[in-house]
Amino acid sequence: MVLLCVIFGLILYLYAELICKGAVLARLEGVKLLFGTGIFVLLQLGMLLLGIEVAKGIEHFYDSAQMQEFTWVSSIFIFVLLAFYLLRKAFKNEPVEERRQEDVLNRKKVLLLSARLGIRTALAGMVLGFLEVNFIAAVIVFAVAAVVVFLLGLYSGYFLGYVYKTMAYIVSSLFLIVSAIYLIACFFVGKTV
């Protein structure tokens, strides 16, 4: 359950960010979409794996009793931090320049977008690493979801504009809050995730 909540929370956040990019696209070109999708998914997947590896590296510094408490508290803290960040973005009234641009999907802009979004992807990866979620399942679910959300986010933004951006941020934060509540409940009951 935690794997799906983390992945859906992260994916909906990425969806909201991609809606903003799709809303200013001048036109949808197949080659640029394919190239942008590949770069975006590979970099996000790399950041997710980096987060998982960082979490596993941290585990070597603590004994098992200390590590379990540390991982649960750290995971809950990351969930709450990300959820509040997303809620702030949802309700912040950012000025939007609705002007179509030609170079939204050029290499440099896709790399910068992936790097900026990758920080939160790495944090989500740390949570998955701390909670020892099945590595292969996490990679497969995230890779498939990232491809779908990249294309869906750009197309939604292109055809519908910014309509669903706020809702995606709110639902994303709700998934993360539910994950934090679930972890707190499991911690006090003594159940493993």
# chains A, B, ... in the order shown; residues from 1 in each chain; ligands from 1
call {"tool": "select_by_dssp", "arguments": {"residues": "region 24-120 of chain A", "states": "helix (DSSP H, G or I)", "output": "ChimeraX atom specification"}}
result
/A:30-59,64-91,107-120
call {"tool": "closest_atom_pairs", "arguments": {"of": "region 9-126 of chain A", "to": "region 136-149 of chain A", "cutoff": "7 Å", "atoms": "only C-alpha atoms", "output": "tab-separated table"}}
result
residue	atom	partner	partner_atom	distance
A:Ile11	CA	A:Ala146	CA	6.7
A:Tyr15	CA	A:Val149	CA	5.6
A:Thr37	CA	A:Val147	CA	6.4
A:Val41	CA	A:Ala146	CA	5.8
A:Leu45	CA	A:Ala143	CA	6.6
call {"tool": "write_last_selection", "arguments": {"atoms": "N, CA and C atoms", "output": "mmCIF file, in the first residue's frame"}}
result
data_model
loop_
_atom_site.group_PDB
_atom_site.id
_atom_site.type_symbol
_atom_site.label_atom_id
_atom_site.label_comp_id
_atom_site.auth_asym_id
_atom_site.auth_seq_id
_atom_site.Cartn_x
_atom_site.Cartn_y
_atom_site.Cartn_z
ATOM 1 N N ILE A 11 3.659 10.864 -8.688
ATOM 2 C CA ILE A 11 3.240 10.959 -10.086
ATOM 3 C C ILE A 11 2.244 12.098 -10.285
ATOM 4 N N TYR A 15 2.585 15.248 -12.642
ATOM 5 C CA TYR A 15 1.499 15.568 -13.571
ATOM 6 C C TYR A 15 1.144 17.054 -13.493
ATOM 7 N N THR A 37 10.137 12.542 -23.419
ATOM 8 C CA THR A 37 9.672 11.462 -22.544
ATOM 9 C C THR A 37 10.836 10.596 -22.088
ATOM 10 N N VAL A 41 11.845 10.442 -18.164
ATOM 11 C CA VAL A 41 11.652 9.185 -17.434
ATOM 12 C C VAL A 41 12.982 8.640 -16.934
ATOM 13 N N LEU A 45 13.743 8.296 -13.018
ATOM 14 C CA LEU A 45 14.048 6.947 -12.534
ATOM 15 C C LEU A 45 15.415 6.919 -11.865
#
call {"tool": "closest_residue", "arguments": {"among": "A:Gly30, A:Leu152, A:Val163, A:Ile181", "to": "Phe77 (chain A)", "atoms": "only C-alpha atoms"}}
result
A:Ile181
call {"tool": "residues_around", "arguments": {"residues": "Val127 (chain A)", "least_positions_apart": "4", "cutoff": "12 Å", "atoms": "only C-alpha atoms", "output": "number ranges by chain"}}
result
A: 2-3, 5-7, 10, 48-56, 58, 70-80, 82, 120-123, 131-133, 135, 138, 176, 179-180, 183, 193
call {"tool": "residues_around", "arguments": {"residues": "Phe159 (chain A)", "least_positions_apart": "3", "cutoff": "9 Å", "atoms": "only C-alpha atoms", "output": "list in words"}}
result
Gly22, Ala23, Leu154, Tyr155 and Ser156 of chain A
call {"tool": "write_last_selection", "arguments": {"atoms": "all heavy atoms", "output": "CSV table (one decimal), in the first residue's frame"}}
result
chain,number,residue,atom,x,y,z
A,22,GLY,N,2.8,21.8,-20.6
A,22,GLY,CA,1.9,21.6,-21.7
A,22,GLY,C,1.1,22.8,-22.1
A,22,GLY,O,0.7,23.0,-23.3
A,23,ALA,N,0.7,23.6,-21.1
A,23,ALA,CA,-0.2,24.7,-21.4
A,23,ALA,C,0.5,25.8,-22.2
A,23,ALA,O,-0.2,26.6,-22.8
A,23,ALA,CB,-0.7,25.3,-20.0
A,154,LEU,N,1.5,16.7,-20.5
A,154,LEU,CA,1.7,17.7,-21.6
A,154,LEU,C,0.4,17.8,-22.4
A,154,LEU,O,0.0,18.9,-22.8
A,154,LEU,CB,2.8,17.2,-22.4
A,154,LEU,CG,4.2,17.4,-21.8
A,154,LEU,CD1,5.3,16.8,-22.8
A,154,LEU,CD2,4.5,18.8,-21.4
A,155,TYR,N,-0.3,16.7,-22.7
A,155,TYR,CA,-1.5,16.8,-23.5
A,155,TYR,C,-2.6,17.5,-22.8
A,155,TYR,O,-3.3,18.3,-23.4
A,155,TYR,CB,-1.9,15.4,-24.0
A,155,TYR,CG,-1.3,14.9,-25.2
A,155,TYR,CD1,-0.2,14.1,-25.2
A,155,TYR,CD2,-1.7,15.3,-26.5
A,155,TYR,CE1,0.4,13.6,-26.3
A,155,TYR,CE2,-1.1,14.9,-27.6
A,155,TYR,CZ,0.0,14.0,-27.6
A,155,TYR,OH,0.6,13.6,-28.7
A,156,SER,N,-2.7,17.2,-21.5
A,156,SER,CA,-3.8,17.9,-20.7
A,156,SER,C,-3.5,19.4,-20.7
A,156,SER,O,-4.5,20.2,-20.8
A,156,SER,CB,-3.8,17.4,-19.3
A,156,SER,OG,-4.1,16.0,-19.2
call {"tool": "atom_distance", "arguments": {"atom1": "CA of Leu33 (chain A)", "atom2": "CA of Leu105 (chain A)"}}
result
7.3 Å
call {"tool": "atom_distance", "arguments": {"atom1": "CA of Phe61 (chain A)", "atom2": "CA of Gly125 (chain A)"}}
result
18.6 Å
call {"tool": "closest_residue", "arguments": {"among": "A:Val189, A:Lys32, A:Leu12, A:Tyr158", "to": "Arg107 (chain A)", "atoms": "only C-alpha atoms"}}
result
A:Lys32
